[in-house]
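Okay, run.cif is below, mmCIF, C-alpha atoms:
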```
data_upload
#
loop_
_atom_site.label_atom_id
_atom_site.label_comp_id
_atom_site.auth_asym_id
_atom_site.auth_seq_id
_atom_site.Cartn_x
_atom_site.Cartn_y
_atom_site.Cartn_z
CA PRO A 11 0.00 0.00 0.00
CA ASP A 12 1.05 3.59 -0.58
CA ILE A 13 0.86 4.42 3.11
CA GLU A 14 3.31 1.65 3.97
CA ARG A 15 5.66 2.70 1.18
CA THR A 16 5.72 6.24 2.50
CA ARG A 17 6.41 5.07 6.05
CA LEU A 18 9.33 2.88 4.97
CA LYS A 19 10.86 5.69 2.93
CA ASN A 20 10.71 8.08 5.84
CA VAL A 21 12.32 5.57 8.20
CA LEU A 22 15.15 4.70 5.80
CA LYS A 23 15.97 8.34 5.08
CA GLU A 24 16.92 8.74 8.72
CA VAL A 25 19.11 5.61 9.06
CA LEU A 26 20.76 5.36 5.65
CA PRO A 27 24.14 6.95 4.98
CA ASP A 28 24.13 9.80 2.50
CA GLU A 29 26.03 7.90 -0.21
CA ALA A 30 24.13 4.60 0.19
CA GLY A 31 20.92 3.25 -1.29
CA VAL A 32 18.81 0.16 -0.60
CA ILE A 33 16.04 -1.87 -2.21
CA VAL A 34 13.17 -2.60 0.15
CA ARG A 35 11.75 -6.10 -0.21
CA THR A 36 8.11 -7.03 0.22
CA ALA A 37 8.98 -8.85 3.45
CA ALA A 38 9.74 -5.46 5.04
CA GLU A 39 6.04 -4.66 5.21
CA GLY A 40 5.18 -3.94 8.84
CA ALA A 41 8.81 -3.94 9.98
CA THR A 42 9.72 -1.67 12.87
CA GLU A 43 12.34 1.06 12.86
CA ASP A 44 14.72 -1.05 14.97
CA GLN A 45 14.54 -3.95 12.52
CA LEU A 46 15.25 -1.71 9.55
CA THR A 47 18.14 -0.08 11.42
CA ARG A 48 19.75 -3.47 12.13
CA ASP A 49 19.43 -4.46 8.48
CA VAL A 50 21.05 -1.23 7.32
CA THR A 51 23.87 -1.65 9.83
CA ALA A 52 24.53 -5.23 8.68
CA LEU A 53 24.56 -4.20 5.02
CA THR A 54 26.91 -1.33 5.75
CA ALA A 55 29.32 -3.64 7.56
CA ARG A 56 29.23 -6.10 4.69
CA TRP A 57 29.98 -3.38 2.16
CA GLU A 58 32.92 -2.15 4.23
CA ASP A 59 34.30 -5.70 4.28
CA ILE A 60 34.10 -5.84 0.49
CA GLU A 61 35.95 -2.54 0.20
CA ARG A 62 38.76 -3.82 2.45
CA LYS A 63 39.17 -6.91 0.26
CA VAL A 64 39.35 -4.74 -2.83
CA ALA A 65 41.95 -2.49 -1.25
CA ALA A 66 44.09 -5.47 -0.25
CA GLY A 67 44.42 -6.48 -3.90
CA ASN A 68 44.87 -10.20 -3.25
CA SER A 69 43.37 -11.28 -6.56
CA PRO A 70 41.81 -13.58 -7.42
CA GLU A 71 39.63 -13.47 -4.32
CA LEU A 72 35.93 -13.93 -3.68
CA LEU A 73 34.57 -10.60 -2.55
CA TYR A 74 31.05 -11.78 -1.72
CA GLY A 75 29.15 -15.02 -2.26
CA GLU A 76 25.51 -15.95 -1.98
CA PRO A 77 24.86 -17.69 1.35
CA ASP A 78 24.08 -21.37 1.42
CA LEU A 79 20.58 -22.82 1.46
CA MET A 80 20.19 -22.79 5.25
CA ILE A 81 20.95 -19.09 5.54
CA LYS A 82 18.68 -18.28 2.59
CA VAL A 83 15.76 -20.14 4.16
CA VAL A 84 16.26 -18.41 7.50
CA ARG A 85 16.66 -15.04 5.80
CA ASP A 86 13.56 -15.34 3.60
CA LEU A 87 11.14 -17.29 5.80
CA PHE A 88 12.04 -17.17 9.47
CA ASN A 89 10.13 -14.35 11.20
CA GLU A 90 7.79 -13.68 14.11
CA ASP A 91 5.14 -16.03 12.71
CA PHE A 92 7.25 -19.05 13.74
CA THR A 93 7.26 -20.18 17.35
CA LYS A 94 10.27 -22.49 17.04
CA LEU A 95 13.11 -23.37 14.66
CA ILE A 96 14.73 -26.76 15.31
CA VAL A 97 18.33 -27.05 14.07
CA GLU A 98 20.11 -30.42 13.81
CA GLY A 99 23.87 -30.65 13.35
CA ASP A 100 26.82 -28.74 14.80
CA ASP A 101 27.77 -26.90 11.61
CA ALA A 102 24.18 -25.92 10.88
CA TRP A 103 23.74 -24.65 14.43
CA ASP A 104 26.89 -22.51 14.26
CA ASN A 105 25.88 -20.90 10.97
CA ILE A 106 22.21 -20.29 11.78
CA SER A 107 22.70 -19.17 15.37
CA GLY A 108 25.42 -16.72 14.37
CA TYR A 109 23.35 -15.30 11.54
CA VAL A 110 20.17 -14.90 13.61
CA ASN A 111 22.07 -13.39 16.54
CA HIS A 112 23.61 -10.83 14.21
CA VAL A 113 20.59 -9.99 12.05
CA ALA A 114 17.57 -10.61 14.31
CA PRO A 115 18.58 -11.00 17.97
CA ASP A 116 14.95 -10.88 19.08
CA LEU A 117 14.37 -14.23 17.29
CA PHE A 118 17.36 -15.99 18.82
CA ASP A 119 15.27 -17.36 21.71
CA ARG A 120 13.12 -19.25 19.21
CA LEU A 121 16.04 -21.35 18.02
CA GLU A 122 16.21 -24.88 19.45
CA ARG A 123 19.18 -27.19 19.06
CA TRP A 124 18.36 -30.87 18.36
CA THR A 125 20.55 -33.06 20.55
CA SER A 126 18.72 -36.39 20.37
CA ASP A 127 20.13 -39.35 18.43
CA ALA A 128 16.79 -39.85 16.64
CA ASP A 129 16.11 -38.26 13.28
CA SER A 130 14.46 -34.87 13.75
CA PHE A 131 12.38 -35.22 10.56
CA GLU A 132 10.92 -38.48 11.81
CA ALA A 133 10.33 -37.17 15.33
CA VAL A 134 8.33 -34.13 14.26
CA ARG A 135 6.69 -36.06 11.35
CA VAL A 136 8.20 -34.01 8.55
CA ASP A 137 8.57 -37.12 6.34
CA GLU A 138 4.87 -37.83 6.74
CA GLN A 139 3.97 -34.28 5.71
CA ILE A 140 6.20 -34.49 2.64
CA SER A 141 4.53 -37.75 1.61
CA LYS A 142 1.10 -36.15 1.93
CA ALA A 143 2.25 -33.11 -0.03
CA LEU A 144 3.27 -35.36 -2.93
CA ASP A 145 -0.15 -37.03 -3.12
CA ARG A 146 -2.70 -35.73 -5.60
CA LYS A 147 -5.52 -35.95 -3.07
CA VAL A 148 -5.69 -33.70 -0.02
CA TRP A 149 -8.25 -34.21 2.74
CA LEU A 150 -10.04 -31.25 4.30
CA PRO A 151 -10.78 -31.02 8.05
CA SER A 152 -14.54 -31.52 7.63
CA GLY A 153 -14.19 -34.60 5.40
CA GLY A 154 -14.07 -33.03 1.94
CA SER A 155 -11.09 -33.35 -0.37
CA LEU A 156 -9.01 -31.63 -3.02
CA VAL A 157 -7.70 -33.35 -6.14
CA ILE A 158 -4.67 -31.59 -7.64
CA ASP A 159 -3.68 -32.58 -11.18
CA ARG A 160 -0.89 -31.01 -13.20
CA THR A 161 -0.99 -30.77 -16.99
CA GLU A 162 1.37 -29.29 -19.56
CA ALA A 163 -0.47 -25.97 -19.63
CA MET A 164 -1.96 -25.55 -16.17
CA THR A 165 -2.69 -26.99 -12.75
CA VAL A 166 -6.29 -28.01 -12.02
CA VAL A 167 -7.72 -28.22 -8.51
CA ASP A 168 -11.06 -30.00 -8.03
CA VAL A 169 -13.04 -29.52 -4.81
CA ASN A 170 -15.21 -32.39 -3.54
CA THR A 171 -17.45 -32.68 -0.49
CA GLY A 172 -16.54 -36.32 0.07
CA LYS A 173 -17.68 -37.47 3.51
CA PHE A 174 -18.85 -34.01 4.56
CA THR A 175 -22.66 -33.88 4.60
CA GLY A 176 -23.22 -31.06 7.08
CA SER A 177 -25.38 -31.02 10.17
CA GLY A 178 -28.14 -28.51 9.45
CA GLY A 179 -29.60 -30.27 6.44
CA ASN A 180 -29.05 -27.20 4.24
CA LEU A 181 -27.15 -28.15 1.09
CA GLU A 182 -26.14 -24.57 0.27
CA GLU A 183 -24.66 -24.09 3.74
CA THR A 184 -22.78 -27.38 3.52
CA VAL A 185 -21.32 -26.57 0.12
CA THR A 186 -20.31 -23.05 1.19
CA LYS A 187 -18.53 -24.28 4.31
CA ASN A 188 -16.69 -26.91 2.29
CA ASN A 189 -15.61 -24.31 -0.29
CA LEU A 190 -14.33 -21.97 2.44
CA GLU A 191 -12.15 -24.73 3.88
CA ALA A 192 -10.98 -25.59 0.38
CA ALA A 193 -9.98 -21.96 -0.34
CA GLU A 194 -7.70 -21.87 2.70
CA GLU A 195 -6.17 -25.28 2.00
CA ILE A 196 -5.60 -24.49 -1.69
CA VAL A 197 -3.43 -21.48 -0.81
CA ARG A 198 -1.48 -23.61 1.66
CA GLN A 199 -0.91 -26.30 -0.97
CA LEU A 200 0.20 -23.73 -3.55
CA ARG A 201 2.86 -22.45 -1.19
CA LEU A 202 3.84 -25.90 0.07
CA ARG A 203 4.16 -27.47 -3.37
CA ASP A 204 5.40 -24.26 -5.02
CA ILE A 205 2.84 -24.54 -7.80
CA GLY A 206 3.11 -21.80 -10.42
CA GLY A 207 1.73 -20.88 -13.81
CA ILE A 208 -1.96 -20.98 -14.68
CA ILE A 209 -4.14 -22.47 -11.93
CA VAL A 210 -7.83 -23.35 -12.40
CA ILE A 211 -9.95 -24.09 -9.32
CA ASP A 212 -13.28 -25.88 -9.66
CA PHE A 213 -15.29 -25.07 -6.55
CA ILE A 214 -18.60 -26.79 -5.86
CA ASP A 215 -21.49 -24.89 -7.44
CA MET A 216 -23.30 -22.48 -5.12
CA VAL A 217 -26.71 -20.99 -5.79
CA LEU A 218 -26.44 -17.69 -3.92
CA GLU A 219 -24.25 -14.97 -5.37
CA SER A 220 -23.29 -13.81 -1.88
CA ASN A 221 -21.80 -17.22 -1.08
CA ARG A 222 -19.76 -17.20 -4.27
CA ASP A 223 -18.37 -13.77 -3.41
CA LEU A 224 -17.61 -14.95 0.12
CA VAL A 225 -15.53 -17.88 -1.14
CA LEU A 226 -13.68 -15.68 -3.61
CA ARG A 227 -12.91 -13.09 -0.92
CA ARG A 228 -11.60 -15.84 1.37
CA LEU A 229 -9.30 -17.07 -1.40
CA VAL A 230 -7.94 -13.56 -2.05
CA GLU A 231 -7.52 -12.96 1.68
CA CYS A 232 -5.47 -16.14 2.12
CA LEU A 233 -3.38 -15.28 -0.93
CA GLY A 234 -2.51 -11.99 0.73
CA ARG A 235 -0.14 -13.90 3.03
CA ASP A 236 1.65 -15.35 0.00
CA ARG A 237 4.66 -13.20 -0.82
CA THR A 238 4.93 -14.72 -4.29
CA ARG A 239 3.46 -12.57 -7.05
CA HIS A 240 0.01 -13.77 -8.02
CA GLN A 241 -3.15 -12.57 -9.71
CA VAL A 242 -6.75 -13.80 -9.41
CA ALA A 243 -8.88 -13.40 -12.53
CA GLU A 244 -12.64 -13.26 -12.78
CA VAL A 245 -14.83 -16.29 -12.24
CA THR A 246 -15.79 -17.92 -15.53
CA SER A 247 -19.34 -18.71 -16.64
CA LEU A 248 -18.80 -22.31 -15.57
CA GLY A 249 -17.94 -21.28 -12.02
CA LEU A 250 -14.19 -21.81 -12.39
CA VAL A 251 -11.70 -19.54 -10.63
CA GLN A 252 -8.64 -18.69 -12.72
CA MET A 253 -5.43 -17.39 -11.23
CA THR A 254 -1.73 -17.17 -11.96
CA ARG A 255 1.19 -17.54 -9.58
CA LYS A 256 4.91 -17.10 -10.11
CA ARG A 257 7.04 -20.11 -9.31
CA ILE A 258 10.01 -19.23 -7.13
CA GLY A 259 11.72 -22.61 -6.88
CA THR A 260 12.04 -26.03 -8.41
CA GLY A 261 8.81 -27.36 -6.97
CA LEU A 262 8.21 -30.10 -4.45
CA LEU A 263 7.04 -32.69 -6.98
CA GLU A 264 9.98 -32.07 -9.31
CA SER A 265 12.42 -32.37 -6.39
CA PHE A 266 11.10 -35.73 -5.19
CA SER A 267 10.08 -37.45 -8.43
CA GLU A 268 11.08 -38.30 -11.98
CA ASP A 269 9.13 -39.38 -15.05
CA CYS A 270 8.21 -43.04 -15.36
CA ASP A 271 10.40 -44.96 -17.82
CA HIS A 272 7.41 -46.86 -19.22
CA CYS A 273 4.71 -44.21 -19.64
CA LYS A 274 7.00 -41.14 -19.76
CA GLY A 275 4.92 -39.34 -17.18
CA ARG A 276 1.63 -39.87 -19.00
CA GLY A 277 0.14 -42.23 -16.43
CA VAL A 278 -1.02 -44.93 -18.88
CA VAL A 279 0.69 -47.77 -20.72
CA VAL A 280 0.01 -47.70 -24.50
CA HIS A 281 -0.20 -51.02 -26.39
CA THR A 282 0.08 -51.64 -30.13
CA GLN A 283 -3.17 -53.62 -30.17
CA PRO A 284 -6.56 -52.91 -28.58
CA VAL A 285 -6.73 -54.08 -24.99
CA GLU A 286 -9.45 -56.59 -24.16
CA ALA A 287 -11.80 -55.76 -21.36
CA LYS A 288 -11.32 -57.61 -18.14
CA LYS A 289 -13.42 -60.78 -18.06
CA VAL A 290 -15.67 -61.57 -15.14
CA ASP A 291 -14.82 -64.70 -13.26
CA ASP A 292 -16.78 -67.64 -14.73
CA ASN A 293 -17.65 -69.00 -11.34
CA ASP A 294 -19.00 -65.64 -10.18
CA GLY A 295 -20.92 -65.18 -13.42
CA ARG A 296 -22.64 -68.54 -13.18
CA ARG A 297 -23.38 -67.97 -9.52
CA ASN A 298 -24.98 -64.62 -10.28
CA ARG A 299 -27.11 -66.03 -13.07
CA ARG A 300 -28.35 -68.91 -10.96
CA GLY A 301 -28.91 -66.63 -8.01
CA GLY A 302 -30.99 -64.27 -10.14
CA ARG A 303 -33.39 -67.08 -11.01
CA GLY A 304 -33.66 -68.27 -7.46
CA ASN A 305 -32.27 -71.76 -8.03
CA THR A 306 -30.20 -73.10 -5.20
CA GLY A 307 -28.16 -75.29 -7.54
CA LYS A 308 -28.86 -78.48 -5.62
CA PRO A 309 -31.01 -81.49 -6.55
CA GLY A 310 -34.48 -81.04 -5.15
CA GLY A 311 -33.71 -77.45 -4.15
CA THR A 312 -36.27 -74.67 -3.95
CA ASN A 313 -36.46 -71.77 -6.38
CA GLY A 314 -37.41 -68.17 -5.83
CA SER A 315 -41.17 -68.85 -5.89
CA GLY A 316 -41.03 -71.54 -3.23
CA SER A 317 -41.71 -74.51 -5.54
CA THR A 318 -39.48 -77.55 -5.72
CA ASN A 319 -37.36 -78.49 -8.71
CA SER A 320 -37.84 -82.25 -8.87
CA GLY A 321 -34.64 -83.95 -9.86
CA SER A 322 -33.04 -80.74 -11.14
CA THR A 323 -29.29 -80.35 -10.77
CA ASN A 324 -27.93 -76.90 -11.55
CA GLY A 325 -30.23 -76.42 -14.55
CA ARG A 326 -29.47 -79.79 -16.17
CA ARG A 327 -32.06 -82.34 -17.33
CA SER A 328 -33.12 -84.92 -14.75
CA PRO A 329 -31.67 -88.41 -15.00
CA SER A 330 -35.01 -89.88 -16.16
CA SER A 331 -34.97 -87.69 -19.27
CA SER A 332 -32.00 -89.66 -20.61
CA ALA A 333 -34.55 -92.27 -21.75
CA LEU A 334 -35.20 -90.15 -24.83
CA VAL A 335 -31.62 -90.67 -25.90
CA ASP A 336 -31.38 -94.32 -24.97
CA GLY A 337 -34.53 -95.22 -26.91
CA ALA A 338 -36.58 -96.06 -23.84
CA ALA A 339 -39.93 -94.47 -23.26
CA PRO A 340 -40.10 -91.78 -20.61
CA THR A 341 -41.45 -92.92 -17.32
CA ASP A 342 -43.41 -89.73 -16.69
CA SER A 343 -44.69 -86.90 -18.84
CA THR A 344 -43.06 -84.34 -16.62
CA ASP A 345 -39.66 -85.64 -17.72
CA LEU A 346 -40.25 -84.07 -21.13
CA VAL A 347 -40.12 -80.58 -19.54
CA ASP A 348 -36.76 -79.02 -18.81
CA SER A 349 -35.72 -77.73 -15.43
CA ALA A 350 -36.59 -74.43 -13.80
CA ASP A 351 -33.70 -72.66 -15.48
CA ASP A 352 -35.41 -73.04 -18.89
CA GLN A 353 -39.12 -73.17 -18.21
CA GLY A 354 -39.69 -71.06 -15.11
CA PRO A 355 -40.41 -71.77 -11.48
CA ALA A 356 -43.47 -73.99 -12.02
CA HIS A 357 -44.11 -76.61 -14.75
CA THR A 358 -47.28 -77.97 -16.30
CA PRO A 359 -47.18 -81.35 -18.06
CA VAL A 360 -47.20 -80.86 -21.82
CA PRO A 361 -49.51 -83.36 -23.58
CA GLN A 362 -47.88 -85.17 -26.51
CA PRO A 363 -49.99 -85.71 -29.68
CA PRO A 364 -50.22 -89.23 -31.17
CA ALA A 365 -47.57 -90.13 -33.71
CA ASP A 366 -50.15 -90.72 -36.50
CA ALA A 367 -52.12 -87.48 -35.88
CA PRO A 368 -52.47 -85.29 -39.05
CA LEU A 369 -50.93 -81.86 -39.14
CA PRO A 370 -53.40 -79.01 -38.54
CA PRO A 371 -54.17 -76.80 -41.58
CA LEU A 372 -52.21 -73.62 -41.91
CA VAL A 373 -55.31 -71.57 -42.73
CA ASP A 374 -58.83 -72.14 -41.50
CA PRO A 375 -61.08 -72.65 -44.59
CA ALA A 376 -64.03 -71.16 -42.71
CA ALA A 377 -62.23 -67.89 -41.99
CA PRO A 378 -63.29 -64.95 -44.22
CA GLN A 379 -60.80 -63.93 -46.87
CA THR A 380 -60.03 -60.31 -47.73
CA ALA A 381 -59.40 -58.97 -51.18
CA ASP A 382 -56.27 -57.21 -50.13
CA ALA A 383 -54.49 -60.35 -49.02
CA PRO A 384 -55.97 -63.41 -50.86
CA VAL A 385 -54.79 -66.77 -49.68
CA SER A 386 -54.95 -69.80 -51.93
CA LEU A 387 -55.64 -73.09 -50.21
CA ASP A 388 -54.26 -74.95 -53.21
CA ALA A 389 -50.86 -73.28 -52.94
CA PRO A 390 -48.15 -75.61 -51.78
CA SER A 391 -47.14 -75.03 -48.17
CA VAL A 392 -43.51 -74.85 -47.29
CA ILE A 393 -44.15 -76.42 -43.92
CA ALA A 394 -46.50 -79.08 -45.30
CA ASP A 395 -44.06 -80.08 -48.03
CA ALA A 396 -41.15 -80.23 -45.66
CA PRO A 397 -40.03 -83.72 -44.74
CA VAL A 398 -41.25 -84.86 -41.36
CA LEU A 399 -38.80 -86.78 -39.21
CA THR A 400 -40.47 -89.47 -37.23
CA ALA A 401 -39.06 -91.99 -34.84
CA GLU A 402 -40.63 -95.15 -33.64
CA VAL A 403 -40.35 -95.61 -29.92
CA GLU A 404 -40.41 -99.16 -28.72
CA GLN A 405 -42.81 -99.59 -25.85
CA PRO A 406 -41.48 -101.50 -22.89
#
```
Before we go any further, please render this structure as structure tokens.
Amino acid sequence: PDIERTRLKNVLKEVLPDEAGVIVRTAAEGATEDQLTRDVTALTARWEDIERKVAAGNSPELLYGEPDLMIKVVRDLFNEDFTKLIVEGDDAWDNISGYVNHVAPDLFDRLERWTSDADSFEAVRVDEQISKALDRKVWLPSGGSLVIDRTEAMTVVDVNTGKFTGSGGNLEETVTKNNLEAAEEIVRQLRLRDIGGIIVIDFIDMVLESNRDLVLRRLVECLGRDRTRHQVAEVTSLGLVQMTRKRIGTGLLESFSEDCDHCKGRGVVVHTQPVEAKKVDDNDGRRNRRGGRGNTGKPGGTNGSGSTNSGSTNGRRSPSSSALVDGAAPTDSTDLVDSADDQGPAHTPVPQPPADAPLPPLVDPAAPQTADAPVSLDAPSVIADAPVLTAEVEQP
């Protein structure tokens, strides 16, 4: 803000030497006069050290080098928002403690030296948090979830309610609460994973315009704590929130992963021939089909309607029906009817016509004939002229 810029300029005019100039970083917002004075004093001492090295003329000599990663992290991130900074290792403790004591003595009490033999990352569950940060699915406190997918052009974040159903029975209230939690967690994940570029967020649809504005304001408010340059665009007609964010590092996923040798990071394995669909287990399929008809699959078992399948075994013909194949006459007319799997739950004996009975006429001569569709009784019938296969059955 312009008011903060003016305040910082006025403070620095009083503490800066006449021949010196500084660049004020965004992290200086809200800094006190004492903090700015210490920074100016440290920079002045560093510049004087460089001038002494130049005057000595011992070339080649490194005049100034960028600090290592530990000092950069402490310099850029460690501030009053942190309650504790755990340091493991003697060399790391010497470097960090000396730097903090020189630059920010008020934060020196928040440094803690790790003296245990156990791994500090495992003790404070840092490894577990890294594993969760590498997963594409993030759980929300109320039971909802985020699904973060990265493509070549953008990063897509999908918001789901999941197990969260609310308590008041109001769907709009449940969806709004879930979206508010998602807005806060999305900003945290963007900073944690260092996601940059184009980001598209698909919040759950809300009916009221006031609720949509509330979720968007919460997202912008949380992004205000992100020191990385970002910009939130307007909400699209489909309810998608578009934003951009500058990437300041390598990225968590790029640091802990590499592309798969088989799919080359695509996530699927491509074959030269079409892939057959997975077949259902034959045993399960037969069990489902028999179960749907109500047959127990046992001889004499009951079907779904409560009737009994006499001599039926898993939908096969009863042993007495084999007399038709052996040339012997059936012992009972019910043996001519198949089991419940083919004819239904209940069976009625089918009467068999005599072997010498004439075939019934195809057309009833007494039926009236229409002019549109005349039928000739003298015309040869395909069925009547077809050979009839008969078999003589020897009676016992």
query = Interatomic distance between CA of Ile205 in chain A and CA of Asp129 in chain A?
reply =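 Computing it gives 28.4 Å between the two atoms.
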message = For the PyMOL selection byres ((chain A and resi 256) around 10), applied here, can you spell out every residue it catches as a ChimeraX atom specification?
response = /A:204-208,238-241,254-255,257-259
I want to know what sits within 10 Å of Leu95 in chain A, based on only C-alpha atoms, with residues of the same chain fewer than 6 positions away left out; could you give that as an mmCIF file with C-alpha atoms, in the frame of the given file?
```cif
data_model
loop_
_atom_site.group_PDB
_atom_site.id
_atom_site.type_symbol
_atom_site.label_atom_id
_atom_site.label_comp_id
_atom_site.auth_asym_id
_atom_site.auth_seq_id
_atom_site.Cartn_x
_atom_site.Cartn_y
_atom_site.Cartn_z
ATOM 1 C CA VAL A 84 16.260 -18.410 7.500
ATOM 2 C CA PHE A 88 12.040 -17.170 9.470
ATOM 3 C CA LEU A 117 14.370 -14.230 17.290
ATOM 4 C CA PHE A 118 17.360 -15.990 18.820
ATOM 5 C CA ASP A 119 15.270 -17.360 21.710
ATOM 6 C CA ARG A 120 13.120 -19.250 19.210
ATOM 7 C CA LEU A 121 16.040 -21.350 18.020
ATOM 8 C CA GLU A 122 16.210 -24.880 19.450
ATOM 9 C CA ARG A 123 19.180 -27.190 19.060
ATOM 10 C CA TRP A 124 18.360 -30.870 18.360
#
```
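Note that the spacing between CA of Leu156 in chain A and CA of Val197 in chain A amounts to 11.8 Å.
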For Glu43 in chain A, please output as a PDB file with C-alpha atoms, in the frame of the given file all residues within 12 Å (counting only C-alpha atoms; exclusion window: fewer than 4 positions along the same chain).
```pdb
ATOM      1  CA  ARG A  17       6.410   5.070   6.050  1.00  0.00           C
ATOM      2  CA  LEU A  18       9.330   2.880   4.970  1.00  0.00           C
ATOM      3  CA  LYS A  19      10.860   5.690   2.930  1.00  0.00           C
ATOM      4  CA  ASN A  20      10.710   8.080   5.840  1.00  0.00           C
ATOM      5  CA  VAL A  21      12.320   5.570   8.200  1.00  0.00           C
ATOM      6  CA  LEU A  22      15.150   4.700   5.800  1.00  0.00           C
ATOM      7  CA  LYS A  23      15.970   8.340   5.080  1.00  0.00           C
ATOM      8  CA  GLU A  24      16.920   8.740   8.720  1.00  0.00           C
ATOM      9  CA  VAL A  25      19.110   5.610   9.060  1.00  0.00           C
ATOM     10  CA  LEU A  26      20.760   5.360   5.650  1.00  0.00           C
ATOM     11  CA  ALA A  38       9.740  -5.460   5.040  1.00  0.00           C
ATOM     12  CA  GLU A  39       6.040  -4.660   5.210  1.00  0.00           C
ATOM     13  CA  THR A  47      18.140  -0.080  11.420  1.00  0.00           C
ATOM     14  CA  ARG A  48      19.750  -3.470  12.130  1.00  0.00           C
ATOM     15  CA  ASP A  49      19.430  -4.460   8.480  1.00  0.00           C
ATOM     16  CA  VAL A  50      21.050  -1.230   7.320  1.00  0.00           C
TER      17      VAL A  50
END
```
query = Within 10 Å of (20.6, -8.7, 12.9), in the coordinates the file gives, what residues turn up when you count all atoms listed in the file, written out as an MDAnalysis selection string?
reply = chainID A and resid 44:53 108:118
Just write the chosen residues, C-alpha atoms, as a PDB file, in the coordinates of the input.
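Contents of result28.pdb, freshly written:
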```pdb
ATOM      1  CA  ASP A  44      14.720  -1.050  14.970  1.00  0.00           C
ATOM      2  CA  GLN A  45      14.540  -3.950  12.520  1.00  0.00           C
ATOM      3  CA  LEU A  46      15.250  -1.710   9.550  1.00  0.00           C
ATOM      4  CA  THR A  47      18.140  -0.080  11.420  1.00  0.00           C
ATOM      5  CA  ARG A  48      19.750  -3.470  12.130  1.00  0.00           C
ATOM      6  CA  ASP A  49      19.430  -4.460   8.480  1.00  0.00           C
ATOM      7  CA  VAL A  50      21.050  -1.230   7.320  1.00  0.00           C
ATOM      8  CA  THR A  51      23.870  -1.650   9.830  1.00  0.00           C
ATOM      9  CA  ALA A  52      24.530  -5.230   8.680  1.00  0.00           C
ATOM     10  CA  LEU A  53      24.560  -4.200   5.020  1.00  0.00           C
ATOM     11  CA  GLY A 108      25.420 -16.720  14.370  1.00  0.00           C
ATOM     12  CA  TYR A 109      23.350 -15.300  11.540  1.00  0.00           C
ATOM     13  CA  VAL A 110      20.170 -14.900  13.610  1.00  0.00           C
ATOM     14  CA  ASN A 111      22.070 -13.390  16.540  1.00  0.00           C
ATOM     15  CA  HIS A 112      23.610 -10.830  14.210  1.00  0.00           C
ATOM     16  CA  VAL A 113      20.590  -9.990  12.050  1.00  0.00           C
ATOM     17  CA  ALA A 114      17.570 -10.610  14.310  1.00  0.00           C
ATOM     18  CA  PRO A 115      18.580 -11.000  17.970  1.00  0.00           C
ATOM     19  CA  ASP A 116      14.950 -10.880  19.080  1.00  0.00           C
ATOM     20  CA  LEU A 117      14.370 -14.230  17.290  1.00  0.00           C
ATOM     21  CA  PHE A 118      17.360 -15.990  18.820  1.00  0.00           C
TER      22      PHE A 118
END
```
inquiry  = One number please: CA of Ala192 in chain A to CA of Ser247 in chain A, in Å, one decimal.
reply    =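 Between CA of Ala192 in chain A and CA of Ser247 in chain A the gap works out to 20.2 Å.
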ask   = Which residues match the PyMOL selection byres ((chain A and resi 73) around 9) in the file above, as number ranges by chain?
value = A: 59-61, 63-64, 71-72, 74-75
Expected file: the selected residues, C-alpha atoms, as a PDB file, in the frame of the given file:
```pdb
ATOM      1  CA  ASP A  59      34.300  -5.700   4.280  1.00  0.00           C
ATOM      2  CA  ILE A  60      34.100  -5.840   0.490  1.00  0.00           C
ATOM      3  CA  GLU A  61      35.950  -2.540   0.200  1.00  0.00           C
ATOM      4  CA  LYS A  63      39.170  -6.910   0.260  1.00  0.00           C
ATOM      5  CA  VAL A  64      39.350  -4.740  -2.830  1.00  0.00           C
ATOM      6  CA  GLU A  71      39.630 -13.470  -4.320  1.00  0.00           C
ATOM      7  CA  LEU A  72      35.930 -13.930  -3.680  1.00  0.00           C
ATOM      8  CA  TYR A  74      31.050 -11.780  -1.720  1.00  0.00           C
ATOM      9  CA  GLY A  75      29.150 -15.020  -2.260  1.00  0.00           C
TER      10      GLY A  75
END
```
task = Give me the result of the PyMOL selection byres ((chain A and resi 264) around 12) on this file, residue by residue, as a PyMOL selection string.
result = chain A and resi 144+160+203-205+259-263+265-269+275
Next, the residues of the selection above should be written as a PDB file, in the coordinates of the input with C-alpha atoms.
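Result went into result_28.pdb, see below:
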```pdb
ATOM      1  CA  LEU A 144       3.270 -35.360  -2.930  1.00  0.00           C
ATOM      2  CA  ARG A 160      -0.890 -31.010 -13.200  1.00  0.00           C
ATOM      3  CA  ARG A 203       4.160 -27.470  -3.370  1.00  0.00           C
ATOM      4  CA  ASP A 204       5.400 -24.260  -5.020  1.00  0.00           C
ATOM      5  CA  ILE A 205       2.840 -24.540  -7.800  1.00  0.00           C
ATOM      6  CA  GLY A 259      11.720 -22.610  -6.880  1.00  0.00           C
ATOM      7  CA  THR A 260      12.040 -26.030  -8.410  1.00  0.00           C
ATOM      8  CA  GLY A 261       8.810 -27.360  -6.970  1.00  0.00           C
ATOM      9  CA  LEU A 262       8.210 -30.100  -4.450  1.00  0.00           C
ATOM     10  CA  LEU A 263       7.040 -32.690  -6.980  1.00  0.00           C
ATOM     11  CA  SER A 265      12.420 -32.370  -6.390  1.00  0.00           C
ATOM     12  CA  PHE A 266      11.100 -35.730  -5.190  1.00  0.00           C
ATOM     13  CA  SER A 267      10.080 -37.450  -8.430  1.00  0.00           C
ATOM     14  CA  GLU A 268      11.080 -38.300 -11.980  1.00  0.00           C
ATOM     15  CA  ASP A 269       9.130 -39.380 -15.050  1.00  0.00           C
ATOM     16  CA  GLY A 275       4.920 -39.340 -17.180  1.00  0.00           C
TER      17      GLY A 275
END
```
